[in-house]
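Some notes on the structure that comes next.
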There are 2 protein chains.
Amino acid sequence: MQTVYAQMGISLDGFIAGPGDGPGNPLGTGGERIHEWVFDLAAWRRRQGLEGGRTGADNDRVVRILERNGAVVMGRRMFDNGKEPWGPNPPYRCPAFVVTHSGHEPLVREGGTTFHFATGGLQDALERARSAAGNKDVEISGGADLVQQCLLEGLLDELEIHIAPVLLGGGIRLFDRPELAGVRLERTEVAASADVTHVVFGVTAGDPS
Amino acid sequence: MQTVYAQMGISLDGFIAGPGDGPGNPLGTGGERIHEWVFDLAAWRRRQGLEGGRTGADNDRVVRILERNGAVVMGRRMFDNGKEPWGPNPPYRCPAFVVTHSGHEPLVREGGTTFHFATGGLQDALERARSAAGNKDVEISGGADLVQQCLLEGLLDELEIHIAPVLLGGGIRLFDRPELAGVRLERTEVAASADVTHVVFGVTAGDPS
């Protein structure tokens with residue numbers, strides 16, 4: 001069954017990016033510390049066109065994430081901040097639907113990533129992504145605003161966070177909306193290495209009473 | 001060796017209490033959801049004078065926490081909010097040092113808890129607690145302000161968080177200070193049940209470069 005999920009690296013104090021993120025600097029100041037556990041992994045290096053790297057449980061997890069995606073959905077700010085650093089061969093390798101108010105022709109990149117600009121709202125973008133993904137899953141790639149919106153609208157089946165053992169002190173919080181108190185979660189998996197703690201939640205839709 | 005540590009229940013969105021905490025309502029609105037994993041445990045019930053309750057890994061963990069404490073240190077706000085709900089027999093069962101600006105004679109309670117009001121600042125309160133604890137450990141009991149102050153001043157050896165699978169949407173954040181970016185942590189333990197995820201960090205003192 002197709003799953004709509006998000007997986008986000010966060011600092012222990014809850015940030016997905018450090019202060020001062022912007023175009024060309026999607027992680028903000030210090031934000032790369034959240035993702036340090038990823039950079040040396042063989043699967044991640046391979047996707048950047050590099051050889052070597054660490055294998056093991058964290059690597060297996062990243063392999064599974066990369067393989068499960070049939071399409072991704074992202075917010076406009078994430079696209080604007082990322083398009084330069086991603087370069088000509090973005091790491092998605094599948095159709096990517098950007099939720100935006102301003103339309104644009106699809107941008108075909110190397111490696112299988114094509115950015116589609118969906119102006120019909122989140123639910124429309126998600127429907128298009130589900131259809132494009134076929135039997136594979138759809139990742140809500142970010143940013144925090146979009147993930148929270150999906151949680152609040154009952155569109156997310158699963159949320160995985162990768163907690164890095166770092167404190168950033170500021171930046172973009174993954175969770176910062178009062179309405180989130182109505183969302184119900186069920187913890188379904190925990191895994192950890194020395195570098196990161198992975199926690200997976202099922203999102204319980206329905207009446208938040 | 002004596003360890004100075006903190007162990008705090010937090011929501012997935014980072015709150016240790018819900019909105020509107022105050023005297024007689026130390027957990028704020030919805031804050032009891034953070035601690036639901038504790039209330040039914042045999043060790044916790046026993047400390048409230050109740051029989052029965054769940055045993056197992058979470059219970060063993062709470063037993064170890066309750067047994068390791070030789071003294072606790074807390075902030076004035078935590079004392080003011082808690083003194084009514086704690087009743088005549090507070091759950092500490094050891095000397096408790098309240099960091100405060102206004103002095104007061106010690107308050108002797110049933111069960112081994114005596115509140116001492118330490119007006120010489122955090123470090124002085126901690127020194128008195130370390131001495132009172134003998135061979136046992138000292139818990140920085142809270143609130144969030146005091147725990148963060150201890151992190152920033154290099155006074156904490158260990159920090160354990162119990163992540164509840166709930167979103168509160170607001171309240172008191174455990175981590176909300178920019179200066180925390182200078183604190184270095186090492187993840188030392190992870191344990192989990194369906195109800196809660198325990199993550200333990202060693203605090204690395206020294207140069208935050």
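By order of appearance in the structure tokens: chains A, B, ..., then residues from 1 within every chain, and ligands from 1 in the order shown.
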
Q: Find the residues near Arg33 in chain B: any atom within 8 Å, counting only C-alpha atoms, skip ones fewer than 2 places away on the same chain, and give them as a PyMOL selection string.
A: chain B and resi 30-31+35-36+164+166

Q: Identify all chain A residues at most 6 Å from chain B by counting only C-alpha atoms; ligands do not count. Present them as a PyMOL selection string.
A: chain A and resi 13+165+167-170+175+177-178+180-181+185

Restricted to N, CA and C atoms, what would the selected residues look like written as a JSON list (two decimals), in the first residue's frame?
```
[["chain", "number", "residue", "atom", "x", "y", "z"],
["A", 13, "ASP", "N", 17.09, 20.21, 20.09],
["A", 13, "ASP", "CA", 16.19, 21.31, 20.45],
["A", 13, "ASP", "C", 15.16, 21.60, 19.38],
["A", 165, "PRO", "N", 22.43, 14.49, 17.98],
["A", 165, "PRO", "CA", 22.78, 14.88, 19.35],
["A", 165, "PRO", "C", 23.43, 16.26, 19.40],
["A", 167, "LEU", "N", 22.62, 20.70, 19.74],
["A", 167, "LEU", "CA", 21.72, 21.82, 20.06],
["A", 167, "LEU", "C", 22.11, 22.98, 19.14],
["A", 168, "LEU", "N", 21.14, 23.55, 18.44],
["A", 168, "LEU", "CA", 21.43, 24.65, 17.51],
["A", 168, "LEU", "C", 21.10, 26.01, 18.09],
["A", 169, "GLY", "N", 20.17, 26.05, 19.04],
["A", 169, "GLY", "CA", 19.87, 27.32, 19.70],
["A", 169, "GLY", "C", 18.92, 28.23, 18.92],
["A", 170, "GLY", "N", 18.67, 27.93, 17.66],
["A", 170, "GLY", "CA", 17.77, 28.77, 16.88],
["A", 170, "GLY", "C", 17.63, 28.21, 15.48],
["A", 175, "PHE", "N", 8.27, 21.72, 14.62],
["A", 175, "PHE", "CA", 6.93, 21.83, 15.21],
["A", 175, "PHE", "C", 6.78, 23.19, 15.89],
["A", 177, "ARG", "N", 3.32, 24.93, 15.81],
["A", 177, "ARG", "CA", 1.93, 25.38, 15.65],
["A", 177, "ARG", "C", 1.06, 24.88, 16.79],
["A", 178, "PRO", "N", 0.28, 25.77, 17.40],
["A", 178, "PRO", "CA", -0.62, 25.37, 18.50],
["A", 178, "PRO", "C", -1.60, 24.27, 18.10],
["A", 180, "LEU", "N", -1.23, 21.70, 16.49],
["A", 180, "LEU", "CA", -0.68, 20.35, 16.50],
["A", 180, "LEU", "C", -1.16, 19.53, 17.70],
["A", 181, "ALA", "N", -1.65, 20.22, 18.74],
["A", 181, "ALA", "CA", -2.15, 19.50, 19.92],
["A", 181, "ALA", "C", -3.27, 18.54, 19.55],
["A", 185, "LEU", "N", -0.42, 10.57, 17.58],
["A", 185, "LEU", "CA", 0.69, 9.78, 17.04],
["A", 185, "LEU", "C", 0.81, 8.45, 17.78]]
```

Selection: 7 Å around Tyr5 in chain B, only C-alpha atoms, excl. self and same-chain fewer than 6 positions, as a PDB file with N, CA and C atoms, in the first residue's frame:
```pdb
ATOM      1  N   VAL B 138      23.000  13.661  42.204  1.00  0.00           N
ATOM      2  CA  VAL B 138      22.203  14.876  42.372  1.00  0.00           C
ATOM      3  C   VAL B 138      21.384  15.080  41.105  1.00  0.00           C
ATOM      4  N   GLU B 139      20.083  15.198  41.271  1.00  0.00           N
ATOM      5  CA  GLU B 139      19.220  15.475  40.124  1.00  0.00           C
ATOM      6  C   GLU B 139      18.857  16.953  40.064  1.00  0.00           C
ATOM      7  N   ILE B 140      19.104  17.547  38.906  1.00  0.00           N
ATOM      8  CA  ILE B 140      18.567  18.886  38.636  1.00  0.00           C
ATOM      9  C   ILE B 140      17.134  18.651  38.191  1.00  0.00           C
ATOM     10  N   LEU B 156      26.244  20.124  34.314  1.00  0.00           N
ATOM     11  CA  LEU B 156      25.483  18.887  34.143  1.00  0.00           C
ATOM     12  C   LEU B 156      26.372  17.819  33.506  1.00  0.00           C
ATOM     13  N   ASP B 157      26.389  16.624  34.112  1.00  0.00           N
ATOM     14  CA  ASP B 157      27.153  15.518  33.530  1.00  0.00           C
ATOM     15  C   ASP B 157      26.318  14.729  32.531  1.00  0.00           C
ATOM     16  N   GLU B 158      25.021  14.679  32.770  1.00  0.00           N
ATOM     17  CA  GLU B 158      24.168  13.752  32.011  1.00  0.00           C
ATOM     18  C   GLU B 158      22.764  14.339  31.878  1.00  0.00           C
ATOM     19  N   LEU B 159      22.177  14.149  30.723  1.00  0.00           N
ATOM     20  CA  LEU B 159      20.806  14.608  30.476  1.00  0.00           C
ATOM     21  C   LEU B 159      20.018  13.464  29.856  1.00  0.00           C
TER      22      LEU B 159
END
```

(Q) Neighbouring residues of range 87-93 of chain A were defined as those with any atom within 12 Å, considering only C-alpha atoms; residues of the same chain fewer than 3 positions away were excluded. Please report them as a VMD selection string. (A) chain A and resid 24 43 to 49 65 to 74 79 81 to 84 96 to 97 107 to 115 133 138 to 141

Q: If you run DSSP over the backbone, which residues in range 38-191 of chain A end up strand (DSSP E)? Put them as a PyMOL selection string.
A: chain A and resi 69-75+95-99+107-108+114-118+137-142+158-164+172-173+184-191

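Here the question is which of B:Gly120, B:Gly28, B:Gly52, B:Gly75 gets nearest to Ile172 in chain B using only C-alpha atoms, and that residue is B:Gly28.
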
Q: Check the smallest atom-to-atom distance from each of A:Asp58, A:Thr119, A:Pro95, A:Met78 to Leu27 in chain A using only C-alpha atoms, then report the winner.
A: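 Checking each of A:Asp58, A:Thr119, A:Pro95, A:Met78 against Leu27 in chain A, counting only C-alpha atoms, the winner is A:Met78.
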
Q: Find the residue from B:His162, B:Arg64, B:Phe117, B:Leu146 that sits nearest to Ala129 in chain B; use only C-alpha atoms when measuring.
A: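 Of B:His162, B:Arg64, B:Phe117, B:Leu146, the one nearest Ala129 in chain B is B:Phe117, counting only C-alpha atoms.
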